[in-house]
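So this one's my_file-v9.cif, mmCIF, C-alpha atoms and all ligand atoms:
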data_run
loop_
_atom_site.label_atom_id
_atom_site.label_comp_id
_atom_site.auth_asym_id
_atom_site.auth_seq_id
_atom_site.Cartn_x
_atom_site.Cartn_y
_atom_site.Cartn_z
CA MET R 1 1.72 1.79 -19.90
CA GLY R 2 3.27 1.21 -23.29
CA LEU R 3 4.01 -2.47 -22.85
CA THR R 4 1.63 -5.30 -23.42
CA ILE R 5 1.67 -7.50 -20.38
CA PRO R 6 0.13 -10.92 -20.82
CA LYS R 7 -2.58 -12.12 -18.45
CA THR R 8 -0.84 -15.43 -17.78
CA MET R 9 2.73 -16.63 -17.42
CA LYS R 10 4.86 -19.70 -16.87
CA ALA R 11 5.96 -20.33 -13.28
CA LEU R 12 7.47 -23.04 -11.16
CA VAL R 13 4.56 -24.05 -8.94
CA LEU R 14 5.04 -26.13 -5.79
CA ARG R 15 1.88 -28.19 -5.27
CA SER R 16 3.08 -29.99 -2.15
CA PRO R 17 6.51 -31.03 -0.79
CA SER R 18 8.77 -32.16 -3.68
CA ASP R 19 5.80 -32.06 -6.07
CA PHE R 20 6.35 -29.24 -8.53
CA GLY R 21 6.26 -28.36 -12.18
CA ILE R 22 5.90 -25.57 -14.68
CA GLU R 23 2.33 -24.29 -14.82
CA ILE R 24 0.47 -21.45 -16.48
CA VAL R 25 -0.70 -19.04 -13.77
CA PRO R 26 -2.04 -15.45 -13.70
CA VAL R 27 0.48 -12.59 -13.89
CA PRO R 28 0.20 -10.92 -10.46
CA ALA R 29 -1.44 -7.49 -10.18
CA VAL R 30 0.83 -4.62 -9.17
CA GLY R 31 -0.09 -2.78 -5.95
CA ALA R 32 0.79 0.60 -4.46
CA MET R 33 4.54 1.24 -4.14
CA GLU R 34 5.18 -1.91 -6.15
CA VAL R 35 6.50 -2.66 -9.61
CA LEU R 36 5.83 -5.60 -11.89
CA CYS R 37 9.09 -7.13 -13.12
CA ARG R 38 9.88 -9.39 -16.02
CA VAL R 39 12.24 -11.87 -14.35
CA ARG R 40 15.34 -12.43 -16.51
CA ALA R 41 17.54 -14.49 -14.20
CA VAL R 42 17.02 -16.30 -10.92
CA ALA R 43 19.81 -18.14 -9.13
CA ILE R 44 19.22 -21.34 -7.19
CA CYS R 45 20.03 -20.75 -3.51
CA GLY R 46 20.97 -23.43 -0.97
CA THR R 47 17.68 -22.71 0.81
CA ASP R 48 15.58 -23.32 -2.32
CA PRO R 49 15.75 -27.14 -2.09
CA GLU R 50 14.66 -26.82 1.58
CA VAL R 51 11.59 -24.87 0.48
CA ILE R 52 10.92 -27.09 -2.55
CA HIS R 53 11.13 -30.34 -0.59
CA GLY R 54 8.88 -28.94 2.14
CA ARG R 55 11.41 -29.35 4.95
CA LEU R 56 10.08 -26.11 6.46
CA LYS R 57 6.48 -26.27 5.24
CA GLY R 58 3.99 -24.20 7.21
CA ILE R 59 6.68 -21.51 7.53
CA TRP R 60 8.42 -21.56 4.13
CA PRO R 61 6.12 -21.81 2.27
CA PRO R 62 3.19 -20.97 4.56
CA ALA R 63 0.77 -22.75 2.19
CA TYR R 64 0.47 -24.43 -1.22
CA PRO R 65 0.44 -23.79 -4.14
CA PHE R 66 3.58 -21.63 -3.93
CA ILE R 67 6.17 -20.09 -6.28
CA PRO R 68 9.67 -20.00 -4.71
CA GLY R 69 12.86 -18.14 -5.82
CA HIS R 70 14.51 -15.07 -4.30
CA GLU R 71 17.89 -14.39 -5.95
CA TRP R 72 16.80 -12.65 -9.11
CA SER R 73 17.20 -9.80 -11.56
CA GLY R 74 15.00 -8.46 -14.32
CA GLU R 75 13.35 -5.38 -15.70
CA VAL R 76 10.46 -3.21 -14.64
CA VAL R 77 7.46 -3.59 -16.96
CA ALA R 78 4.76 -1.77 -14.95
CA VAL R 79 4.70 0.57 -11.98
CA GLY R 80 2.00 0.77 -9.34
CA PRO R 81 0.47 3.86 -7.68
CA GLY R 82 2.95 6.03 -5.76
CA VAL R 83 6.10 4.76 -7.45
CA THR R 84 8.37 7.69 -8.35
CA THR R 85 11.88 6.21 -8.28
CA PHE R 86 11.48 3.40 -10.81
CA ALA R 87 10.24 3.48 -14.39
CA ILE R 88 9.36 0.97 -17.06
CA GLY R 89 12.54 -0.40 -18.61
CA ASP R 90 14.71 -0.07 -15.47
CA ARG R 91 17.02 -3.01 -14.96
CA VAL R 92 16.91 -4.18 -11.34
CA ALA R 93 18.24 -6.79 -8.92
CA GLY R 94 16.12 -8.07 -6.07
CA GLU R 95 16.44 -8.60 -2.36
CA ALA R 96 14.40 -11.28 -0.56
CA TRP R 97 13.47 -9.21 2.51
CA LYS R 98 11.18 -6.23 2.83
CA GLY R 99 10.21 -5.21 6.36
CA CYS R 100 6.91 -3.66 7.43
CA GLY R 101 8.77 -0.35 7.71
CA TYR R 102 7.30 0.81 11.03
CA CYS R 103 8.11 -1.71 13.79
CA ARG R 104 11.04 -0.83 16.08
CA SER R 105 13.47 -3.10 14.20
CA CYS R 106 12.50 -1.71 10.79
CA VAL R 107 12.71 1.91 11.98
CA GLU R 108 16.21 1.19 13.26
CA GLY R 109 17.20 -0.27 9.89
CA ASP R 110 17.20 -3.89 11.02
CA TYR R 111 14.45 -4.99 8.69
CA ASN R 112 15.88 -8.53 8.77
CA PHE R 113 14.37 -8.69 12.29
CA CYS R 114 11.00 -7.20 11.28
CA GLU R 115 8.68 -7.78 14.22
CA ASN R 116 5.79 -8.31 11.83
CA TYR R 117 7.39 -11.29 10.13
CA GLY R 118 4.76 -13.46 8.52
CA LYS R 119 2.09 -10.74 8.56
CA THR R 120 1.62 -9.88 4.91
CA GLU R 121 -1.14 -7.38 5.84
CA THR R 122 1.49 -5.13 7.48
CA GLY R 123 3.40 -4.86 4.19
CA MET R 124 6.11 -7.27 5.33
CA ARG R 125 7.44 -9.45 2.51
CA HIS R 126 9.86 -12.33 2.29
CA TYR R 127 9.86 -13.08 -1.41
CA GLY R 128 10.33 -16.70 -2.40
CA PHE R 129 9.93 -17.92 1.21
CA MET R 130 6.66 -16.46 2.47
CA ASN R 131 5.48 -14.49 -0.54
CA GLN R 132 5.40 -15.50 -4.18
CA GLY R 133 8.90 -15.62 -5.66
CA ALA R 134 10.90 -15.33 -8.85
CA TYR R 135 10.81 -18.75 -10.55
CA ALA R 136 8.33 -17.20 -12.95
CA GLU R 137 8.22 -14.94 -15.96
CA TYR R 138 6.84 -12.07 -13.88
CA ASN R 139 6.50 -11.04 -10.25
CA THR R 140 5.59 -7.93 -8.27
CA TYR R 141 8.05 -6.34 -5.85
CA SER R 142 8.03 -3.49 -3.38
CA VAL R 143 10.25 -0.57 -4.41
CA LYS R 144 12.14 -1.30 -1.17
CA ALA R 145 13.21 -4.74 -2.40
CA ILE R 146 14.76 -3.77 -5.74
CA HIS R 147 17.97 -2.00 -6.76
CA LYS R 148 18.85 -0.51 -10.14
CA ILE R 149 21.66 -2.17 -12.06
CA SER R 150 23.37 -0.68 -15.11
CA GLU R 151 24.22 -2.35 -18.41
CA ARG R 152 27.63 -3.14 -16.93
CA ILE R 153 26.00 -5.98 -15.00
CA SER R 154 24.36 -8.81 -16.94
CA PHE R 155 21.05 -10.16 -15.67
CA ASN R 156 22.80 -13.41 -14.70
CA GLU R 157 25.32 -11.47 -12.60
CA GLY R 158 22.53 -9.33 -11.18
CA SER R 159 20.82 -12.45 -9.84
CA LEU R 160 23.79 -12.84 -7.46
CA VAL R 161 23.36 -9.46 -5.73
CA ASP R 162 21.31 -11.12 -2.97
CA THR R 163 23.85 -13.96 -2.50
CA ALA R 164 26.82 -11.58 -2.35
CA GLY R 165 24.88 -9.41 0.08
CA VAL R 166 24.90 -12.10 2.76
CA ALA R 167 28.71 -12.17 2.67
CA ALA R 168 28.84 -8.36 2.56
CA HIS R 169 26.57 -8.09 5.62
CA GLY R 170 28.70 -10.62 7.51
CA ALA R 171 31.88 -8.71 6.62
CA GLU R 172 30.26 -5.46 7.75
CA LEU R 173 29.30 -7.01 11.10
CA ILE R 174 32.73 -8.41 11.93
CA GLY R 175 34.97 -5.85 10.20
CA ILE R 176 37.93 -7.01 8.13
CA THR R 177 41.51 -6.28 9.27
CA PRO R 178 43.35 -4.38 6.49
CA GLY R 179 46.32 -6.46 5.41
CA GLY R 180 45.13 -9.35 7.54
CA THR R 181 44.32 -13.00 6.95
CA VAL R 182 40.82 -14.45 6.74
CA ALA R 183 39.80 -18.11 6.90
CA VAL R 184 36.61 -19.33 5.23
CA ILE R 185 35.15 -22.69 6.30
CA GLY R 186 32.87 -24.06 3.55
CA PRO R 187 33.78 -22.91 0.01
CA GLY R 188 30.26 -23.04 -1.45
CA PRO R 189 28.75 -20.01 -3.21
CA ILE R 190 28.44 -17.91 -0.02
CA GLY R 191 31.93 -18.93 1.12
CA LEU R 192 33.41 -17.93 -2.25
CA MET R 193 31.60 -14.60 -2.07
CA ALA R 194 32.98 -14.11 1.47
CA MET R 195 36.52 -14.68 0.18
CA ARG R 196 36.10 -12.02 -2.50
CA VAL R 197 34.35 -9.57 -0.20
CA ALA R 198 37.13 -10.01 2.40
CA LYS R 199 39.69 -9.04 -0.25
CA ILE R 200 37.65 -6.00 -1.33
CA LYS R 201 37.54 -4.93 2.32
CA GLY R 202 41.32 -5.11 2.60
CA ALA R 203 42.27 -8.64 3.63
CA ALA R 204 45.65 -9.59 2.17
CA ARG R 205 45.20 -13.31 2.29
CA VAL R 206 42.39 -15.86 2.31
CA ILE R 207 42.60 -19.47 3.50
CA ALA R 208 39.79 -21.77 2.34
CA ILE R 209 38.83 -24.89 4.31
CA GLY R 210 36.85 -27.61 2.57
CA ARG R 211 37.24 -30.73 0.51
CA LYS R 212 37.01 -32.21 -2.96
CA GLY R 213 35.63 -30.23 -5.91
CA ARG R 214 34.57 -27.20 -3.92
CA LEU R 215 38.05 -26.81 -2.40
CA GLU R 216 39.54 -27.08 -5.87
CA SER R 217 37.25 -24.33 -7.15
CA ALA R 218 38.16 -22.20 -4.12
CA LYS R 219 41.84 -22.56 -4.99
CA ARG R 220 41.14 -21.62 -8.60
CA LEU R 221 38.67 -18.81 -7.93
CA ALA R 222 39.41 -17.03 -4.68
CA ALA R 223 41.73 -18.55 -2.06
CA ASP R 224 45.46 -18.04 -1.55
CA ASP R 225 45.82 -21.21 0.51
CA VAL R 226 43.57 -24.21 0.99
CA VAL R 227 43.19 -26.75 3.80
CA ASP R 228 41.52 -30.10 3.12
CA PHE R 229 39.68 -31.17 6.25
CA GLU R 230 39.61 -34.79 5.12
CA HIS R 231 43.39 -34.95 5.21
CA GLU R 232 44.54 -32.44 7.79
CA ASP R 233 43.78 -31.13 11.28
CA VAL R 234 42.31 -27.79 10.14
CA VAL R 235 43.20 -25.83 13.28
CA ALA R 236 46.83 -27.01 13.19
CA ALA R 237 47.02 -26.26 9.47
CA VAL R 238 45.65 -22.72 9.84
CA ARG R 239 47.99 -22.07 12.79
CA ARG R 240 50.91 -23.32 10.71
CA LEU R 241 49.95 -21.06 7.80
CA THR R 242 49.83 -18.03 10.14
CA ASN R 243 53.06 -18.67 12.06
CA GLY R 244 51.08 -19.92 15.04
CA ARG R 245 49.10 -16.72 15.54
CA GLY R 246 45.80 -17.61 13.96
CA VAL R 247 43.72 -15.67 11.43
CA ASP R 248 42.18 -12.24 12.05
CA GLU R 249 38.68 -13.25 10.99
CA VAL R 250 36.80 -16.45 10.16
CA PHE R 251 33.68 -16.87 8.03
CA GLU R 252 31.90 -20.10 8.93
CA ALA R 253 29.89 -20.88 5.78
CA SER R 254 29.27 -24.62 6.10
CA ALA R 255 27.13 -24.95 9.26
CA GLY R 256 28.88 -28.31 9.70
CA GLU R 257 29.13 -30.08 13.02
CA GLY R 258 32.19 -29.00 15.00
CA THR R 259 33.15 -26.13 12.70
CA LEU R 260 32.25 -23.41 15.22
CA LYS R 261 34.81 -24.83 17.64
CA GLN R 262 37.36 -25.01 14.82
CA ALA R 263 36.69 -21.36 14.00
CA ILE R 264 37.20 -20.40 17.64
CA MET R 265 40.47 -22.29 17.81
CA MET R 266 41.89 -20.91 14.54
CA VAL R 267 41.23 -17.20 15.11
CA ARG R 268 43.77 -14.96 16.88
CA PRO R 269 43.12 -13.51 20.35
CA GLY R 270 40.58 -10.72 19.86
CA GLY R 271 39.61 -12.18 16.49
CA ARG R 272 36.13 -12.26 15.02
CA ILE R 273 33.91 -14.97 13.58
CA ALA R 274 30.90 -14.54 11.27
CA LEU R 275 28.38 -17.37 11.06
CA LEU R 276 27.11 -17.37 7.47
CA GLY R 277 26.12 -21.04 7.28
CA VAL R 278 22.52 -22.08 7.83
CA PRO R 279 22.40 -24.82 10.50
CA SER R 280 19.38 -27.03 11.17
CA GLU R 281 16.87 -25.80 13.75
CA LYS R 282 18.04 -28.31 16.33
CA ALA R 283 21.83 -27.87 15.88
CA GLU R 284 23.70 -27.29 19.13
CA GLU R 285 27.45 -26.95 19.41
CA ARG R 286 29.87 -27.48 22.28
CA VAL R 287 32.35 -24.60 22.51
CA PRO R 288 35.37 -23.89 24.78
CA PHE R 289 33.71 -21.36 27.11
CA LYS R 290 36.80 -20.32 29.08
CA TYR R 291 38.98 -20.07 25.97
CA ILE R 292 36.48 -17.69 24.31
CA CYS R 293 36.45 -15.40 27.38
CA ARG R 294 40.20 -15.44 27.91
CA ASN R 295 40.90 -14.65 24.26
CA GLU R 296 38.02 -12.23 23.74
CA ILE R 297 36.82 -14.14 20.69
CA LYS R 298 33.86 -12.36 19.10
CA ILE R 299 31.15 -14.44 17.43
CA PHE R 300 28.56 -12.82 15.16
CA GLY R 301 25.35 -14.42 13.94
CA VAL R 302 24.50 -13.24 10.43
CA LYS R 303 20.95 -13.03 9.11
CA ALA R 304 20.20 -12.18 5.49
CA ASN R 305 21.54 -9.09 3.75
CA PRO R 306 20.04 -5.83 5.05
CA ASN R 307 21.28 -2.48 3.71
CA VAL R 308 24.12 -3.82 1.59
CA SER R 309 22.65 -4.33 -1.89
CA GLU R 310 23.58 -0.85 -3.16
CA THR R 311 27.20 -1.46 -2.07
CA VAL R 312 27.24 -4.86 -3.74
CA VAL R 313 25.87 -3.36 -6.98
CA SER R 314 28.62 -0.68 -6.88
CA TRP R 315 31.28 -3.33 -6.38
CA MET R 316 29.94 -5.32 -9.32
CA GLU R 317 29.57 -2.29 -11.61
CA SER R 318 33.13 -1.13 -10.88
CA GLY R 319 34.52 -4.61 -11.52
CA ARG R 320 35.80 -4.97 -7.96
CA LEU R 321 33.46 -7.87 -7.27
CA VAL R 322 33.55 -10.42 -10.08
CA VAL R 323 30.75 -13.00 -9.92
CA LYS R 324 30.47 -14.14 -13.53
CA ASP R 325 32.84 -17.08 -13.02
CA LEU R 326 30.74 -18.42 -10.14
CA ILE R 327 27.87 -19.09 -12.56
CA THR R 328 28.70 -22.57 -13.82
CA HIS R 329 25.35 -23.50 -15.37
CA THR R 330 22.28 -21.82 -16.87
CA PHE R 331 18.93 -23.40 -17.74
CA PRO R 332 15.59 -22.21 -19.12
CA LEU R 333 12.67 -22.37 -16.66
CA ASP R 334 11.26 -25.45 -18.44
CA ASP R 335 14.38 -27.40 -17.40
CA ILE R 336 13.93 -26.70 -13.68
CA HIS R 337 14.19 -30.37 -12.69
CA ALA R 338 17.57 -30.75 -14.43
CA ALA R 339 18.73 -27.43 -13.00
CA LEU R 340 17.85 -28.44 -9.43
CA GLU R 341 19.50 -31.81 -9.85
CA THR R 342 22.67 -30.15 -11.14
CA PHE R 343 22.70 -27.81 -8.14
CA GLU R 344 21.80 -30.36 -5.47
CA THR R 345 24.26 -33.02 -6.61
CA ARG R 346 26.93 -30.41 -7.48
CA LYS R 347 27.09 -32.05 -10.90
CA ASP R 348 29.99 -31.00 -13.15
CA GLY R 349 31.45 -28.77 -10.43
CA ALA R 350 28.23 -26.73 -10.12
CA VAL R 351 28.61 -23.58 -8.01
CA LYS R 352 25.83 -21.19 -8.97
CA VAL R 353 23.08 -22.45 -11.25
CA VAL R 354 20.98 -19.72 -12.86
CA ILE R 355 17.52 -20.05 -14.45
CA ASN R 356 16.46 -17.74 -17.27
CA PRO R 357 12.64 -17.65 -17.33
ZN ZN M 401 19.53 -17.13 -1.05
ZN ZN M 402 9.03 -4.32 10.65
#

Let's see the structure in the file written out as structure tokens.
Ligand SMILES: [Zn+2]
Ligand SMILES: [Zn+2]
Amino acid sequence: MGLTIPKTMKALVLRSPSDFGIEIVPVPAVGAMEVLCRVRAVAICGTDPEVIHGRLKGIWPPAYPFIPGHEWSGEVVAVGPGVTTFAIGDRVAGEAWKGCGYCRSCVEGDYNFCENYGKTETGMRHYGFMNQGAYAEYNTYSVKAIHKISERISFNEGSLVDTAGVAAHGAELIGITPGGTVAVIGPGPIGLMAMRVAKIKGAARVIAIGRKGRLESAKRLAADDVVDFEHEDVVAAVRRLTNGRGVDEVFEASAGEGTLKQAIMMVRPGGRIALLGVPSEKAEERVPFKYICRNEIKIFGVKANPNVSETVVSWMESGRLVVKDLITHTFPLDDIHAALETFETRKDGAVKVVINP
């Protein structure tokens, strides 16, 4: 196929919960309707430490040893049988989910609800969670899980297509009021993406709610106004900033305790709330039942990033969605321990930490 592909590669291998290191492993074989990619950049996601520390073992990952990583970009180095739309040398960005393609949910386009989840034999894939991921020099991907990116997007930026997609999917679900005001609770990477996506979709103003370093970066990078929850009553502050009316939409991106109720109380009558944060399995929230009904507050759960990657790539290529400044640190694969520590402790104002295998 023109390129010499080595038989082995470096990869981050999880041996058991929290026990991991760089190992030499076989380069995976490419199957039908798959491509082999040379991974150039992989961003650390908030769910990666969960997977690495085995907090969801048995599900993510289903077994050990395992290679995590799902927010990546790279180039195609080999194509499998049946592949007609990708060629060697194509630059691509990945998506973590690939549905079976034939269950009711997949046929209707909701491959994030694939009814064959966990059944690799059906063709279903969840790269970096259930199936081998991108913290490696190479990995194979279904043609359904990759999107071409032009030279206008660097590989590091391309690794954020998946991250931005979660915010884009949430914004698509709730709809953004043109000229309106959006509040974002939790100014981490997804929250910052939500602020920028809200502006692309026509919001005039963004209010960020958070604290400390992350609130400072929100002010610098994306928000028009900020509310520090350690020093203010956030609902009163948002009401004050909107002349008492409340915001048109809220993105909840922290999954913190009590933030759903805050979102409900800060949105205008008829307003909409997207839940982007990832709460723990057991999290339950008390909400004002009557108030929600009387004010027709609409609450949307948001799962992954189906059908938005092409839009995100277009936004990035046209310069409408800037992500470069969210990448605060880069590390080679060999420095994975330092990279994870930087991300997990938010060292030196870390927002997005990207690995270059
Ligand atoms: Zn992610
Ligand atoms: Zn399916």

Segment 23-37 of chain R: which residues within 8 Å, counting only C-alpha atoms, same-chain residues fewer than 4 positions away excluded, as an MDAnalysis selection string?
chainID R and resid 6:13 74:83 86 138:143

Tell me, as a PyMOL selection string, which residues lie within 8 Å of Asn156 of chain R, counting only C-alpha atoms; anything in the same chain fewer than 4 positions away does not count.
chain R and resi 40-43+73+160+324+327+354

Written selection (C-alpha atoms) as an mmCIF file, keeping the file's coordinate frame:
data_model
loop_
_atom_site.group_PDB
_atom_site.id
_atom_site.type_symbol
_atom_site.label_atom_id
_atom_site.label_comp_id
_atom_site.auth_asym_id
_atom_site.auth_seq_id
_atom_site.Cartn_x
_atom_site.Cartn_y
_atom_site.Cartn_z
ATOM 1 C CA ARG R 40 15.340 -12.430 -16.510
ATOM 2 C CA ALA R 41 17.540 -14.490 -14.200
ATOM 3 C CA VAL R 42 17.020 -16.300 -10.920
ATOM 4 C CA ALA R 43 19.810 -18.140 -9.130
ATOM 5 C CA SER R 73 17.200 -9.800 -11.560
ATOM 6 C CA LEU R 160 23.790 -12.840 -7.460
ATOM 7 C CA LYS R 324 30.470 -14.140 -13.530
ATOM 8 C CA ILE R 327 27.870 -19.090 -12.560
ATOM 9 C CA VAL R 354 20.980 -19.720 -12.860
#

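Every protein or nucleic acid residue with an atom no more than 8 Å from segment 198-202 of chain R, counting only C-alpha atoms and leaving out same-chain residues fewer than 4 positions away, appears here: Ala171, Ile176, Thr177, Pro178, Gly179, Gly180, Val182, Ala194, Val206, Arg320 and Leu321 of chain R.
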
Residues of chain R within 8 Å of ligand ZN 401 (chain M): nearest atom pair and distance (Å, one decimal) for each, counting all atoms listed in the file, sorted by chain and number, as JSON lines?
{"residue": "R:Ile44", "atom": "CA", "partner": "M:ZN401", "partner_atom": "ZN", "distance": 7.5}
{"residue": "R:Cys45", "atom": "CA", "partner": "M:ZN401", "partner_atom": "ZN", "distance": 4.4}
{"residue": "R:Gly46", "atom": "CA", "partner": "M:ZN401", "partner_atom": "ZN", "distance": 6.5}
{"residue": "R:Thr47", "atom": "CA", "partner": "M:ZN401", "partner_atom": "ZN", "distance": 6.2}
{"residue": "R:Asp48", "atom": "CA", "partner": "M:ZN401", "partner_atom": "ZN", "distance": 7.5}
{"residue": "R:His70", "atom": "CA", "partner": "M:ZN401", "partner_atom": "ZN", "distance": 6.3}
{"residue": "R:Glu71", "atom": "CA", "partner": "M:ZN401", "partner_atom": "ZN", "distance": 5.8}
{"residue": "R:Ala96", "atom": "CA", "partner": "M:ZN401", "partner_atom": "ZN", "distance": 7.8}
{"residue": "R:Asp162", "atom": "CA", "partner": "M:ZN401", "partner_atom": "ZN", "distance": 6.6}
{"residue": "R:Thr163", "atom": "CA", "partner": "M:ZN401", "partner_atom": "ZN", "distance": 5.6}

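Point (39.7, -20.4, -1.7) has the following residues at most 8 Å away: Val184, Pro187, Leu192, Met195, Val206, Ile207, Ala208, Ile209, Leu215, Glu216, Ser217, Ala218, Lys219, Arg220, Leu221, Ala222, Ala223, Asp224, Asp225 and Val226 of chain R (atoms considered: all atoms listed in the file).
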
Report the distance between atom CA of Gly271 of chain R and atom CA of Glu249 of chain R in Å, rounded to one decimal place.
5.7 Å

Go ahead and compute the interatomic distance for atom CA of Ala183 of chain R and atom CA of Val197 of chain R, in Å to one decimal.
12.4 Å

Can you build me a table of segment 143-175 of chain R residues sitting at most 8 Å from segment 300-317 of chain R, with the closest atom pair per residue and its distance in Å to one decimal, using all atoms listed in the file, sorted by chain and residue number, as JSON lines?
{"residue": "R:His147", "atom": "CA", "partner": "R:Glu310", "partner_atom": "CA", "distance": 6.8}
{"residue": "R:Ile149", "atom": "CA", "partner": "R:Val313", "partner_atom": "CA", "distance": 6.7}
{"residue": "R:Ser150", "atom": "CA", "partner": "R:Glu317", "partner_atom": "CA", "distance": 7.3}
{"residue": "R:Arg152", "atom": "CA", "partner": "R:Glu317", "partner_atom": "CA", "distance": 5.7}
{"residue": "R:Ile153", "atom": "CA", "partner": "R:Glu317", "partner_atom": "CA", "distance": 6.2}
{"residue": "R:Val161", "atom": "CA", "partner": "R:Val312", "partner_atom": "CA", "distance": 6.3}
{"residue": "R:Asp162", "atom": "CA", "partner": "R:Ser309", "partner_atom": "CA", "distance": 7.0}
{"residue": "R:Ala164", "atom": "CA", "partner": "R:Val312", "partner_atom": "CA", "distance": 6.9}
{"residue": "R:Gly165", "atom": "CA", "partner": "R:Asn305", "partner_atom": "CA", "distance": 5.0}
{"residue": "R:Val166", "atom": "CA", "partner": "R:Asn305", "partner_atom": "CA", "distance": 4.6}
{"residue": "R:Ala167", "atom": "CA", "partner": "R:Asn305", "partner_atom": "CA", "distance": 7.9}
{"residue": "R:Ala168", "atom": "CA", "partner": "R:Val308", "partner_atom": "CA", "distance": 6.6}
{"residue": "R:His169", "atom": "CA", "partner": "R:Asn305", "partner_atom": "CA", "distance": 5.5}
{"residue": "R:Gly170", "atom": "CA", "partner": "R:Val302", "partner_atom": "CA", "distance": 5.7}
{"residue": "R:Leu173", "atom": "CA", "partner": "R:Phe300", "partner_atom": "CA", "distance": 7.1}
{"residue": "R:Ile174", "atom": "CA", "partner": "R:Phe300", "partner_atom": "CA", "distance": 6.9}

With C-alpha atoms retained, export the selected residues as a compact mmCIF listing (two decimals), in the coordinates of the input.
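Saved to out_5.txt:
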# COMPACT_ATOMS: atom_id res chain seq x y z
CA HIS R 147 17.97 -2.00 -6.76
CA ILE R 149 21.66 -2.17 -12.06
CA SER R 150 23.37 -0.68 -15.11
CA ARG R 152 27.63 -3.14 -16.93
CA ILE R 153 26.00 -5.98 -15.00
CA VAL R 161 23.36 -9.46 -5.73
CA ASP R 162 21.31 -11.12 -2.97
CA ALA R 164 26.82 -11.58 -2.35
CA GLY R 165 24.88 -9.41 0.08
CA VAL R 166 24.90 -12.10 2.76
CA ALA R 167 28.71 -12.17 2.67
CA ALA R 168 28.84 -8.36 2.56
CA HIS R 169 26.57 -8.09 5.62
CA GLY R 170 28.70 -10.62 7.51
CA LEU R 173 29.30 -7.01 11.10
CA ILE R 174 32.73 -8.41 11.93

Closest atom pairs, chain R residues within 10 Å of ligand ZN 402 (chain M), all atoms listed in the file, as a tab-separated table:
residue	atom	partner	partner_atom	distance
R:Lys98	CA	M:ZN402	ZN	8.3
R:Gly99	CA	M:ZN402	ZN	4.5
R:Cys100	CA	M:ZN402	ZN	3.9
R:Gly101	CA	M:ZN402	ZN	4.9
R:Tyr102	CA	M:ZN402	ZN	5.4
R:Cys103	CA	M:ZN402	ZN	4.2
R:Arg104	CA	M:ZN402	ZN	6.8
R:Ser105	CA	M:ZN402	ZN	5.8
R:Cys106	CA	M:ZN402	ZN	4.3
R:Val107	CA	M:ZN402	ZN	7.4
R:Glu108	CA	M:ZN402	ZN	9.4
R:Gly109	CA	M:ZN402	ZN	9.2
R:Asp110	CA	M:ZN402	ZN	8.2
R:Tyr111	CA	M:ZN402	ZN	5.8
R:Asn112	CA	M:ZN402	ZN	8.3
R:Phe113	CA	M:ZN402	ZN	7.1
R:Cys114	CA	M:ZN402	ZN	3.5
R:Glu115	CA	M:ZN402	ZN	5.0
R:Asn116	CA	M:ZN402	ZN	5.3
R:Tyr117	CA	M:ZN402	ZN	7.2
R:Lys119	CA	M:ZN402	ZN	9.7
R:Thr122	CA	M:ZN402	ZN	8.2
R:Gly123	CA	M:ZN402	ZN	8.6
R:Met124	CA	M:ZN402	ZN	6.7
R:Arg125	CA	M:ZN402	ZN	9.8

What's around segment 58-60 of chain R at 9 Å? Count all atoms listed in the file, leave out sequence neighbours fewer than 2 positions away in its own chain, and write the answer as a PyMOL selection string.
chain R and resi 50-51+54-56+62-63+118+128-131

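The smallest atom-to-atom distance between Gly158 of chain R and any of R:Phe251, R:Trp72, R:Tyr127, R:Tyr64, using all atoms listed in the file, is found for R:Trp72.
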
Would you kindly return, as a VMD selection string, each protein, DNA or RNA residue with an atom no farther than 9 Å from any atom of His337 of chain R, considering all atoms listed in the file and excluding same-chain residues fewer than 3 positions away?
chain R and resid 20 to 21 334 340 to 342

Please write the residues from the selection above to a file, keeping C-alpha atoms, as a compact mmCIF listing (two decimals), in the frame of the given file.
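Dumped everything to part_29.txt:
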# COMPACT_ATOMS: atom_id res chain seq x y z
CA PHE R 20 6.35 -29.24 -8.53
CA GLY R 21 6.26 -28.36 -12.18
CA ASP R 334 11.26 -25.45 -18.44
CA LEU R 340 17.85 -28.44 -9.43
CA GLU R 341 19.50 -31.81 -9.85
CA THR R 342 22.67 -30.15 -11.14

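Among the candidate residues R:Val322, R:Val353, R:Val234, R:Ile264, the one lying nearest to Asn295 of chain R is R:Ile264, with distances computed using all atoms listed in the file.
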
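One finds atom CA of Ala203 of chain R at 18.0 Å from atom CA of Lys298 of chain R.
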
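The shortest atom-to-atom distance to Ala339 of chain R, with all atoms listed in the file taken into account, belongs to R:Asn356 out of R:Leu326, R:Cys293, R:Ser159, R:Asn356.
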
As AutoDock Vina command-line options, please: the centre and edge lengths in Å, to one decimal, of an axis-aligned box enclosing every listed atom of segment 70-85 of chain R with 5 Å added on each side.
--center_x 9.2 --center_y -3.7 --center_z -10.6 --size_x 27.4 --size_y 32.8 --size_z 22.7

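Ranking R:Ile67, R:Ala145, R:Val39, R:Ala338 by their shortest atom-to-atom distance to Leu14 of chain R, with only C-alpha atoms included, puts R:Ile67 first.
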
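Nearest residue to Asp248 of chain R among R:Pro17, R:Pro269, R:Pro332, R:Gly213 is R:Pro269, counting all atoms listed in the file.
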